[in-house]
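So this block is structure09.txt, compact mmCIF, C-alpha atoms:
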```
# COMPACT_ATOMS: atom_id res chain seq x y z
CA MET A 2 -12.31 37.26 47.32
CA THR A 3 -9.36 34.95 47.98
CA GLU A 4 -6.71 34.10 45.38
CA GLN A 5 -8.23 30.62 45.09
CA ASP A 6 -11.65 32.13 44.42
CA ALA A 7 -10.19 34.38 41.73
CA ASP A 8 -8.52 31.42 40.05
CA PHE A 9 -11.79 29.53 40.07
CA SER A 10 -13.66 32.48 38.54
CA ALA A 11 -11.06 32.84 35.81
CA GLU A 12 -11.61 29.24 34.77
CA LYS A 13 -15.31 29.90 34.12
CA ALA A 14 -15.64 30.92 30.50
CA GLN A 15 -19.22 29.67 30.20
CA PRO A 16 -22.23 31.11 32.08
CA LEU A 17 -22.48 30.13 35.73
CA THR A 18 -24.77 27.20 36.47
CA TYR A 19 -26.44 25.70 39.54
CA ALA A 20 -23.37 23.53 40.04
CA ASP A 21 -21.32 26.71 40.53
CA GLY A 22 -23.60 27.98 43.28
CA ALA A 23 -24.92 27.04 46.71
CA ALA A 24 -28.02 25.20 47.89
CA TRP A 25 -29.77 26.54 51.01
CA LEU A 26 -32.42 25.12 53.29
CA ALA A 27 -34.16 27.17 55.99
CA GLY A 28 -37.60 26.16 57.23
CA GLU A 29 -38.22 28.60 60.09
CA ALA A 30 -38.81 32.36 60.16
CA SER A 31 -35.75 32.91 62.37
CA GLY A 32 -33.53 30.88 60.03
CA ASP A 33 -34.92 32.73 57.04
CA PHE A 34 -33.90 36.03 58.60
CA LEU A 35 -30.42 34.88 59.64
CA ALA A 36 -29.62 33.37 56.25
CA SER A 37 -30.88 36.44 54.38
CA LEU A 38 -28.06 38.47 55.95
CA VAL A 39 -25.36 36.07 54.72
CA LEU A 40 -26.70 34.85 51.36
CA PRO A 41 -25.92 38.05 49.38
CA GLU A 42 -22.28 38.00 50.50
CA VAL A 43 -21.95 34.35 49.47
CA ALA A 44 -23.50 35.11 46.07
CA LYS A 45 -21.08 38.01 45.64
CA ARG A 46 -18.07 35.83 46.40
CA MET A 47 -19.40 33.22 43.98
CA ASP A 48 -19.52 35.87 41.24
CA GLY A 49 -23.30 35.81 41.12
CA ALA A 50 -23.68 32.02 40.84
CA PRO A 51 -27.21 30.77 41.64
CA GLN A 52 -28.32 30.52 45.27
CA PHE A 53 -31.27 28.16 45.47
CA GLY A 54 -33.32 25.86 47.67
CA VAL A 55 -35.83 26.39 50.48
CA GLY A 56 -36.25 29.69 52.32
CA GLY A 57 -38.79 32.29 53.33
CA GLU A 58 -39.62 35.78 52.10
CA LYS A 59 -36.44 37.40 53.41
CA MET A 60 -34.17 34.89 51.67
CA LEU A 61 -36.18 35.26 48.47
CA ALA A 62 -35.75 39.03 48.68
CA ALA A 63 -32.00 38.50 49.25
CA GLY A 64 -31.67 36.55 46.00
CA LEU A 65 -32.67 32.96 46.75
CA GLU A 66 -34.34 30.98 43.97
CA GLY A 67 -37.04 29.21 45.97
CA TRP A 68 -37.86 25.59 45.21
CA TYR A 69 -40.46 24.82 47.87
CA PRO A 70 -42.43 26.89 50.43
CA ALA A 71 -40.48 27.14 53.69
CA ASN A 72 -43.64 26.90 55.80
CA ARG A 73 -43.95 23.23 54.90
CA LEU A 74 -41.24 22.62 57.51
CA SER A 75 -42.65 24.90 60.23
CA VAL A 76 -43.83 22.64 63.05
CA ARG A 77 -43.16 22.42 66.76
CA GLY A 78 -42.98 19.60 69.30
CA TYR A 79 -42.83 15.84 68.87
CA VAL A 80 -46.54 15.19 68.47
CA GLU A 81 -47.10 18.01 65.99
CA VAL A 82 -44.38 16.72 63.65
CA LEU A 83 -46.33 13.49 63.16
CA LYS A 84 -49.22 15.36 61.55
CA LYS A 85 -46.98 16.83 58.84
CA LEU A 86 -44.59 13.92 58.55
CA PRO A 87 -45.67 12.64 55.09
CA GLY A 88 -45.24 16.07 53.52
CA ILE A 89 -41.94 16.65 55.31
CA LEU A 90 -40.55 13.33 54.11
CA MET A 91 -41.69 14.04 50.55
CA LEU A 92 -39.93 17.42 50.59
CA ARG A 93 -36.81 15.81 52.04
CA ARG A 94 -36.65 13.20 49.26
CA ALA A 95 -37.24 15.81 46.56
CA MET A 96 -34.60 18.15 48.01
CA LEU A 97 -32.02 15.37 48.30
CA LYS A 98 -32.56 14.25 44.73
CA ARG A 99 -32.37 17.71 43.20
CA VAL A 100 -29.27 18.74 45.15
CA SER A 101 -27.57 15.39 44.51
CA ASP A 102 -28.24 15.68 40.79
CA ILE A 103 -26.95 19.27 40.62
CA ARG A 104 -23.94 18.77 42.93
CA PRO A 105 -23.49 22.42 43.95
CA ARG A 106 -20.26 23.71 45.45
CA VAL A 107 -21.81 23.66 48.92
CA PHE A 108 -25.05 22.97 50.77
CA VAL A 109 -25.97 25.31 53.65
CA GLY A 110 -28.52 24.02 56.15
CA VAL A 111 -29.88 26.80 58.37
CA ASP A 112 -30.99 25.81 61.88
CA ALA A 113 -33.83 23.17 61.93
CA PRO A 114 -31.32 20.47 62.98
CA ASP A 115 -33.79 17.60 63.18
CA PHE A 116 -34.45 18.04 59.47
CA ASN A 117 -31.22 19.50 58.13
CA LEU A 118 -28.69 17.19 59.78
CA GLY A 119 -30.30 14.16 58.12
CA VAL A 120 -30.18 15.89 54.73
CA GLU A 121 -26.59 17.00 55.30
CA ALA A 122 -25.45 13.51 56.29
CA LYS A 123 -26.68 12.03 53.02
CA LEU A 124 -25.24 14.85 50.93
CA LYS A 125 -21.88 14.66 52.70
CA ALA A 126 -21.78 10.90 52.12
CA ALA A 127 -22.38 11.63 48.43
CA GLY A 128 -19.36 13.94 48.33
CA ILE A 129 -21.18 17.28 48.54
CA ARG A 130 -19.68 19.76 51.00
CA THR A 131 -22.00 20.78 53.84
CA VAL A 132 -22.20 23.77 56.18
CA HIS A 133 -24.66 24.06 59.06
CA PHE A 134 -25.60 27.58 60.15
CA VAL A 135 -26.56 27.79 63.88
CA SER A 136 -25.46 24.95 66.10
CA PRO A 137 -28.09 22.79 67.74
CA SER A 138 -28.15 23.55 71.45
CA ILE A 139 -26.10 20.50 72.43
CA TRP A 140 -24.92 22.50 75.44
CA ALA A 141 -28.54 22.56 76.69
CA TRP A 142 -29.89 19.13 75.89
CA ARG A 143 -29.26 15.99 73.81
CA PRO A 144 -25.43 16.32 73.82
CA GLU A 145 -25.19 13.02 71.97
CA ARG A 146 -26.14 14.91 68.79
CA ILE A 147 -22.49 15.92 68.42
CA HIS A 148 -21.83 12.49 66.86
CA LYS A 149 -24.55 13.08 64.26
CA ILE A 150 -23.16 16.56 63.63
CA ARG A 151 -19.66 15.19 63.06
CA ALA A 152 -21.02 12.73 60.47
CA ALA A 153 -23.17 15.31 58.69
CA VAL A 154 -21.32 18.63 58.75
CA ASP A 155 -18.07 19.72 57.14
CA HIS A 156 -18.20 23.07 58.91
CA MET A 157 -20.43 24.52 61.65
CA LEU A 158 -21.20 28.25 61.92
CA LEU A 159 -21.57 29.25 65.57
CA VAL A 160 -23.57 32.23 66.79
CA PHE A 161 -22.61 32.07 70.48
CA PRO A 162 -19.02 32.45 71.75
CA PHE A 163 -19.15 29.69 74.38
CA GLU A 164 -19.84 27.10 71.65
CA GLU A 165 -16.31 27.34 70.22
CA GLU A 166 -14.74 25.29 73.01
CA ILE A 167 -17.33 22.52 72.63
CA TYR A 168 -16.60 22.05 68.93
CA LYS A 169 -12.87 22.35 69.39
CA ARG A 170 -12.99 19.65 72.06
CA GLU A 171 -15.02 17.39 69.76
CA ASN A 172 -12.74 18.05 66.77
CA VAL A 173 -15.54 19.37 64.57
CA PRO A 174 -14.50 22.30 62.29
CA ALA A 175 -16.39 25.40 63.38
CA THR A 176 -16.24 29.20 63.25
CA TYR A 177 -17.76 31.68 65.68
CA ILE A 178 -19.32 34.34 63.46
CA GLY A 179 -21.18 36.36 66.08
CA HIS A 180 -24.95 36.60 66.04
CA PRO A 181 -26.38 38.29 62.93
CA LEU A 182 -29.00 40.05 65.03
CA ALA A 183 -26.32 41.87 67.02
CA GLY A 184 -25.26 43.81 63.92
CA VAL A 185 -28.81 44.64 62.87
CA ILE A 186 -30.31 45.78 66.17
CA PRO A 187 -29.04 49.17 67.44
CA MET A 188 -27.06 49.26 70.67
CA VAL A 189 -29.35 52.02 71.96
CA PRO A 190 -33.02 51.55 71.03
CA ASP A 191 -35.15 54.46 69.82
CA THR A 192 -38.35 53.67 71.68
CA GLU A 193 -40.20 56.87 70.81
CA GLY A 194 -39.14 56.66 67.17
CA ALA A 195 -40.49 53.11 66.93
CA ARG A 196 -43.80 54.22 68.41
CA ARG A 197 -44.08 57.00 65.85
CA LYS A 198 -43.30 54.53 63.08
CA LEU A 199 -46.08 52.23 64.28
CA GLY A 200 -48.51 55.09 64.91
CA ILE A 201 -48.85 54.24 68.61
CA GLU A 202 -50.34 56.98 70.82
CA THR A 203 -49.66 55.92 74.42
CA ASN A 204 -51.15 58.83 76.40
CA GLY A 205 -48.64 57.98 79.09
CA GLU A 206 -49.67 54.34 79.35
CA PRO A 207 -47.11 51.50 79.20
CA VAL A 208 -46.61 49.69 75.91
CA PHE A 209 -46.31 45.90 75.94
CA ALA A 210 -45.00 43.90 72.98
CA VAL A 211 -46.62 40.47 72.79
CA LEU A 212 -44.95 37.74 70.69
CA PRO A 213 -46.63 34.33 71.06
CA GLY A 214 -44.70 32.91 68.09
CA SER A 215 -44.78 33.14 64.32
CA ARG A 216 -46.25 29.74 63.41
CA LYS A 217 -49.93 28.82 63.36
CA ASP A 218 -49.60 26.18 66.07
CA GLU A 219 -47.71 28.64 68.31
CA ILE A 220 -50.31 31.36 67.78
CA PHE A 221 -53.13 28.99 68.70
CA GLY A 222 -51.03 27.18 71.32
CA CYS A 223 -49.39 30.09 73.18
CA GLY A 224 -51.72 32.86 72.03
CA PRO A 225 -54.76 32.17 74.23
CA VAL A 226 -52.85 32.19 77.52
CA PHE A 227 -50.65 35.11 76.40
CA PHE A 228 -53.64 37.26 75.53
CA GLU A 229 -55.48 36.24 78.68
CA ALA A 230 -52.41 37.42 80.61
CA CYS A 231 -52.70 40.78 78.83
CA GLU A 232 -56.36 40.96 79.87
CA ARG A 233 -55.33 40.38 83.49
CA VAL A 234 -52.74 43.17 83.24
CA ILE A 235 -55.47 45.59 82.13
CA GLU A 236 -57.70 44.46 84.99
CA ARG A 237 -54.95 45.08 87.56
CA ILE A 238 -53.40 48.36 86.41
CA GLY A 239 -56.26 49.79 84.35
CA ALA A 240 -53.88 50.74 81.55
CA GLY A 241 -51.65 49.42 78.83
CA HIS A 242 -51.31 49.32 75.07
CA PHE A 243 -50.51 45.93 73.54
CA VAL A 244 -48.76 45.50 70.19
CA VAL A 245 -48.43 42.16 68.38
CA PRO A 246 -46.35 41.55 65.22
CA ALA A 247 -47.60 39.11 62.59
CA ILE A 248 -45.25 37.50 60.09
CA ASP A 249 -47.80 37.87 57.26
CA ALA A 250 -51.45 38.64 56.53
CA GLN A 251 -52.58 35.10 57.32
CA ALA A 252 -50.85 35.15 60.71
CA ARG A 253 -52.44 38.53 61.38
CA GLU A 254 -55.88 36.98 60.93
CA TRP A 255 -54.98 34.11 63.26
CA ILE A 256 -53.70 36.51 65.92
CA ALA A 257 -56.79 38.69 65.69
CA SER A 258 -59.10 35.67 65.95
CA VAL A 259 -57.44 34.61 69.21
CA ALA A 260 -56.70 37.99 70.81
CA THR A 261 -60.10 39.59 70.26
CA ARG A 262 -61.79 36.93 72.40
CA ASN A 263 -60.66 39.15 75.29
CA ARG A 264 -62.95 42.20 75.41
CA ARG A 265 -60.72 44.64 77.31
CA LEU A 266 -57.66 43.66 75.28
CA SER A 267 -59.38 44.15 71.92
CA GLU A 268 -59.87 47.83 72.76
CA ARG A 269 -56.16 48.29 73.52
CA LEU A 270 -54.62 46.06 70.85
CA THR A 271 -52.61 46.83 67.72
CA VAL A 272 -51.63 44.02 65.34
CA VAL A 273 -49.04 44.90 62.69
CA THR A 274 -47.59 42.89 59.82
CA GLY A 275 -43.88 42.29 59.30
CA GLN A 276 -42.50 44.76 61.84
CA SER A 277 -41.43 42.63 64.80
CA HIS A 278 -38.29 44.69 65.46
CA ALA A 279 -40.22 47.96 65.55
CA VAL A 280 -42.73 46.34 67.91
CA LEU A 281 -39.97 45.24 70.29
CA GLU A 282 -38.24 48.61 70.09
CA SER A 283 -41.50 50.41 70.95
CA ALA A 284 -42.16 48.45 74.14
CA ASP A 285 -41.73 49.15 77.83
CA ALA A 286 -41.91 45.41 78.51
CA VAL A 287 -42.27 42.24 76.45
CA LEU A 288 -44.23 39.01 76.77
CA VAL A 289 -42.50 36.54 74.46
CA ALA A 290 -42.39 32.86 73.59
CA SER A 291 -39.01 31.25 74.17
CA GLY A 292 -36.82 31.29 71.07
CA THR A 293 -34.95 33.83 68.97
CA ALA A 294 -37.52 36.52 69.76
CA ALA A 295 -36.40 36.47 73.40
CA LEU A 296 -32.84 37.21 72.28
CA GLU A 297 -34.15 40.02 70.07
CA ALA A 298 -35.96 41.50 73.07
CA ALA A 299 -32.71 41.35 75.07
CA LEU A 300 -30.76 43.08 72.29
CA TYR A 301 -33.38 45.84 72.36
CA LYS A 302 -32.64 46.04 76.14
CA LYS A 303 -36.27 45.31 77.09
CA PRO A 304 -37.50 43.75 80.35
CA MET A 305 -39.41 40.61 79.47
CA VAL A 306 -41.42 37.62 80.58
CA VAL A 307 -40.80 34.38 78.69
CA GLY A 308 -43.63 31.88 78.35
CA TYR A 309 -44.27 28.78 76.32
CA ALA A 310 -47.34 26.55 76.30
CA MET A 311 -47.13 23.13 74.66
CA PRO A 312 -49.52 20.21 74.29
CA ALA A 313 -49.26 18.01 77.37
CA LEU A 314 -47.79 14.99 75.59
CA SER A 315 -45.03 17.01 73.92
CA ALA A 316 -44.19 18.65 77.23
CA LEU A 317 -44.07 15.26 78.95
CA ILE A 318 -41.69 13.84 76.34
CA MET A 319 -39.35 16.82 76.66
CA LYS A 320 -39.45 16.90 80.48
CA ASP A 321 -36.07 16.38 82.17
CA LYS A 322 -34.16 16.19 78.86
CA GLY A 323 -32.46 19.51 79.52
CA LEU A 324 -28.89 19.81 80.82
CA ILE A 325 -29.28 23.40 82.06
CA PRO A 326 -32.14 24.91 84.06
CA TYR A 327 -33.10 27.58 81.49
CA VAL A 328 -34.71 27.61 78.06
CA SER A 329 -34.60 31.30 77.10
CA LEU A 330 -31.47 32.62 75.41
CA PRO A 331 -31.07 35.64 77.71
CA ASN A 332 -30.84 33.34 80.74
CA ILE A 333 -28.61 30.85 78.96
CA LEU A 334 -26.17 33.54 77.82
CA ALA A 335 -26.14 35.17 81.25
CA GLY A 336 -25.71 31.83 83.00
CA ARG A 337 -28.38 32.76 85.53
CA ALA A 338 -32.07 33.58 85.78
CA ILE A 339 -32.25 37.24 84.78
CA VAL A 340 -35.69 37.00 83.12
CA PRO A 341 -38.67 34.98 84.42
CA GLU A 342 -39.67 31.83 82.53
CA PHE A 343 -43.14 30.25 82.65
CA LEU A 344 -43.16 26.98 80.74
CA HIS A 345 -45.67 24.26 79.98
CA TYR A 346 -47.76 23.65 83.12
CA TYR A 347 -46.53 26.88 84.70
CA CYS A 348 -47.47 29.03 81.71
CA THR A 349 -50.58 30.58 83.28
CA ALA A 350 -52.22 33.94 82.71
CA ASP A 351 -52.13 35.02 86.35
CA ALA A 352 -48.45 34.24 86.83
CA MET A 353 -47.35 35.95 83.62
CA ALA A 354 -49.56 39.00 84.23
CA CYS A 355 -48.07 39.60 87.69
CA SER A 356 -44.54 39.19 86.36
CA LEU A 357 -45.20 41.43 83.35
CA ILE A 358 -46.38 44.25 85.62
CA ASP A 359 -43.23 43.78 87.70
CA GLN A 360 -41.08 44.40 84.61
CA LEU A 361 -42.22 48.04 84.57
CA LYS A 362 -40.14 48.94 87.63
CA ASP A 363 -37.41 51.47 86.83
CA SER A 364 -34.83 49.65 88.97
CA ARG A 365 -35.38 46.41 87.09
CA ARG A 366 -35.20 48.17 83.73
CA LYS A 367 -31.80 49.73 84.55
CA THR A 368 -30.32 46.45 85.82
CA LEU A 369 -31.39 44.56 82.71
CA GLU A 370 -30.25 47.33 80.39
CA ASP A 371 -26.69 46.99 81.70
CA ILE A 372 -26.73 43.19 81.43
CA PHE A 373 -28.21 43.20 77.95
CA THR A 374 -25.73 45.81 76.69
CA GLY A 375 -22.82 43.56 77.69
CA MET A 376 -24.56 40.62 76.05
CA HIS A 377 -25.02 42.63 72.85
CA GLU A 378 -21.34 43.58 72.73
CA SER A 379 -20.25 39.95 73.14
CA LEU A 380 -22.33 38.90 70.11
CA LEU A 381 -21.24 41.70 67.78
CA ARG A 382 -18.93 40.49 64.98
CA PRO A 383 -18.69 41.02 61.17
CA THR A 384 -21.05 38.09 60.79
CA ALA A 385 -21.76 38.15 57.05
CA ASP A 386 -18.05 38.33 56.17
CA LEU A 387 -17.02 35.60 58.63
CA ALA A 388 -19.85 33.30 57.55
CA ALA A 389 -19.26 33.82 53.84
CA GLU A 390 -15.53 33.20 54.25
CA ALA A 391 -16.15 29.91 56.09
CA ILE A 392 -18.71 28.83 53.48
CA MET A 393 -16.35 29.66 50.63
CA GLN A 394 -13.46 27.78 52.26
CA THR A 395 -15.70 24.76 52.67
CA ALA A 396 -16.96 25.06 49.10
CA GLY A 397 -13.38 25.26 47.83
CA ALA A 398 -12.75 21.62 48.73
CA ALA A 399 -15.52 20.55 46.39
CA ARG A 400 -14.29 22.25 43.23
CA ARG A 401 -14.01 20.13 40.16
```
What would you get if you wrote out this structure as structure tokens?
Amino acid sequence: MTEQDADFSAEKAQPLTYADGAAWLAGEASGDFLASLVLPEVAKRMDGAPQFGVGGEKMLAAGLEGWYPANRLSVRGYVEVLKKLPGILMLRRAMLKRVSDIRPRVFVGVDAPDFNLGVEAKLKAAGIRTVHFVSPSIWAWRPERIHKIRAAVDHMLLVFPFEEEIYKRENVPATYIGHPLAGVIPMVPDTEGARRKLGIETNGEPVFAVLPGSRKDEIFGCGPVFFEACERVIERIGAGHFVVPAIDAQAREWIASVATRNRRLSERLTVVTGQSHAVLESADAVLVASGTAALEAALYKKPMVVGYAMPALSALIMKDKGLIPYVSLPNILAGRAIVPEFLHYYCTADAMACSLIDQLKDSRRKTLEDIFTGMHESLLRPTADLAAEAIMQTAGAARR
């Protein structure tokens, strides 16, 4: 705790209220996880003041007082957003009103930039200090968003080292805090230990982790082609055990309903709830949707194939908007194509099955292990401390 924080605490003779705390908003499973690692440290530095807003199960377990279900914001693609737009707008209005009325010391928006930056801009204009946790990928596409960020955010928390120079150049206050996952995932994975934990008996067969996404529209969008690819793997090598993590019981039912359409796969499939890290750690190779899960696979030093299937219209809208030729974080961080990507029209079962089998080669495994270890080391920082310090410094400017 800084001297300024101590002075502030000393002034508080009455019980701490919402105005003494922080509002949080995370609408995705990945954001829920990242914020859950930082929230307890912020609460500690605020002397136990309320932490409240929108978050998932991990943030709730970390001490968040939840206002609305986080899954109301979980959508993907341009077209899919339209279906949930009325509910999203209603939540946005309700969140803005409640936070504006309370006037907490700081508002922390976690990822979900299309939603959070709009909320942050209005709160900042109203005099409430704002922090955004996880920069939008302006280095990959839509660089013009930096102007919206400047108008909406008092301080940006960066999880990748190369982002620092971008924000410094644009004169937007920012702090590189490392990636929270780098401090949670072990540098050397315990593959056999993870298999014992999951009760996987391999009988010498390769284990494949399959992660089509955590949301319903990802499971039903990416799942069919992912699981068909697994079926093709079995046809070609006559072996394999496939493990799929589900974020909750409902997602487990969705996964099972899609995966078990493939007869051979259903006999070699294990679906587990809430153990995505153990699933990744147990694998010889990974088939994963692009996103944070691909970075998690890299931190577990696993060969992988990245795929992502989207509705045709969404894919058409996004086509050619990118500034770099990669979408998966391992390739972006490496600055070259170290893992294969099969996206949109190219996300086919045959292509991914062939590539997934290729990931089993010992030479490829060793090469990727070395690359991913260096990547892991570059992302390892005391993230919770750095993030909490930046949040508290930003909150300090709002004290009454």
- [ ] Extract, using only C-alpha atoms, all DNA, RNA and protein residues at most 6 Å from region 383-400 of chain A, discarding same-chain residues fewer than 5 positions from it, and format them as a list in words.
- [x]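 Near neighbours after the sequence-gap exclusion: Val39, Val43, Arg106, Val107, Ile178, Gly179 and Pro181 of chain A.
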Atom-to-atom span, CA of Pro105 (chain A) and CA of Pro41 (chain A), Å: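 Between these atoms lies a distance of 16.7 Å.
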Review point. What does the distance from CA of Tyr327 (chain A) to CA of Ser364 (chain A) come to in Å, to one decimal?
Key: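 Between these atoms lies a distance of 23.4 Å.
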Q) Which is closest to Tyr347 (chain A) among A:Val226, A:Val185, A:Leu266, A:Leu281, if we use only C-alpha atoms? A)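 Ranked by minimum distance to Tyr347 (chain A), first place goes to A:Val226.
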Kindly list the centre and edge lengths in Å, rounded to one decimal, for the axis-aligned box that covers all listed atoms of region 142-147 of chain A plus 8 Å on each of its six sides, as AutoDock Vina command-line options.
```
--center_x -26.2 --center_y 16.1 --center_z 72.2 --size_x 23.4 --size_y 22.1 --size_z 23.5
```
Taken to one decimal, the CA of Lys125 (chain A)-CA of Ile167 (chain A) distance is 21.9 Å
Notebook entry, point to check: Taking all atoms listed in the file into account, which of A:Arg265, A:Lys149, A:Tyr309, A:Pro331 comes nearest Asp218 (chain A)?
Noted result: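 Checking each of A:Arg265, A:Lys149, A:Tyr309, A:Pro331 against Asp218 (chain A), counting all atoms listed in the file, the winner is A:Tyr309.
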- Task: Anything within 10 Å of (-33.5, 33.9, 45.2): list those residues as an MDAnalysis selection string, counting only C-alpha atoms and sticking to the file's coordinates.
- Result: chainID A and resid 37 40:41 51:68
Can you write just those residues out, C-alpha atoms, as a compact mmCIF listing (two decimals), in the frame of the given file?
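Produced file result_8.txt, reproduced below:
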```txt
# COMPACT_ATOMS: atom_id res chain seq x y z
CA SER A 37 -30.88 36.44 54.38
CA LEU A 40 -26.70 34.85 51.36
CA PRO A 41 -25.92 38.05 49.38
CA PRO A 51 -27.21 30.77 41.64
CA GLN A 52 -28.32 30.52 45.27
CA PHE A 53 -31.27 28.16 45.47
CA GLY A 54 -33.32 25.86 47.67
CA VAL A 55 -35.83 26.39 50.48
CA GLY A 56 -36.25 29.69 52.32
CA GLY A 57 -38.79 32.29 53.33
CA GLU A 58 -39.62 35.78 52.10
CA LYS A 59 -36.44 37.40 53.41
CA MET A 60 -34.17 34.89 51.67
CA LEU A 61 -36.18 35.26 48.47
CA ALA A 62 -35.75 39.03 48.68
CA ALA A 63 -32.00 38.50 49.25
CA GLY A 64 -31.67 36.55 46.00
CA LEU A 65 -32.67 32.96 46.75
CA GLU A 66 -34.34 30.98 43.97
CA GLY A 67 -37.04 29.21 45.97
CA TRP A 68 -37.86 25.59 45.21
```
Judged by all atoms listed in the file, the minimum distance to Glu236 (chain A) among A:Thr293, A:Thr349, A:Ser283, A:Asn263 is found for A:Asn263
Between A:Pro114, A:Arg146, A:Ala284, A:Ala290, which is the closest to Pro213 (chain A) once you count only C-alpha atoms?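 Ranking A:Pro114, A:Arg146, A:Ala284, A:Ala290 by distance to Pro213 (chain A), first place goes to A:Ala290.
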- prompt: A:Ala352, A:Leu92, A:Val211, A:Ala36: which is nearest Arg233 (chain A), counting all atoms listed in the file?
  reply: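 Among the listed residues, the smallest separation from Arg233 (chain A) belongs to A:Ala352.
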For Val259 (chain A), work out the shell of residues within 8 Å, counting all atoms listed in the file and skipping chain neighbours fewer than 6 positions away, then give it as a VMD selection string.
chain A and resid 220 to 221 224 to 225 228
Would you please work out which residue, of A:Val120, A:Ile235, A:Gly205, A:Arg216, is nearest to Asp249 (chain A) when using all atoms listed in the file?
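Distance minimum relative to Asp249 (chain A) lands on A:Arg216.
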**Request:** Please determine the residues with any atom at most 10 Å from (-18.9, 14.4, 65.8) (coordinates as given in the file, with only C-alpha atoms counting) and report them as a list in words.
**Result:**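 Residues close enough to count: Glu145, Arg146, Ile147, His148, Lys149, Ile150, Arg151, Ala152, Ala153, Val154, Tyr168, Glu171, Asn172, Val173 and Pro174 of chain A.
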Practice task
Write out as number ranges by chain the residues lying within 9 Å of Val208 (chain A), counting only C-alpha atoms and excluding same-chain residues fewer than 5 positions away.
Solution key: A: 201, 203, 241-244, 283-287
Neighbouring residues of Met353 (chain A) were defined as those with any atom within 12 Å, considering only C-alpha atoms; residues of the same chain fewer than 5 positions away were excluded. Please report them as an NGL selection string.
:A and (211 or 226-234 or 287-290 or 305-310 or 340-344 or 347-348 or 358-360)
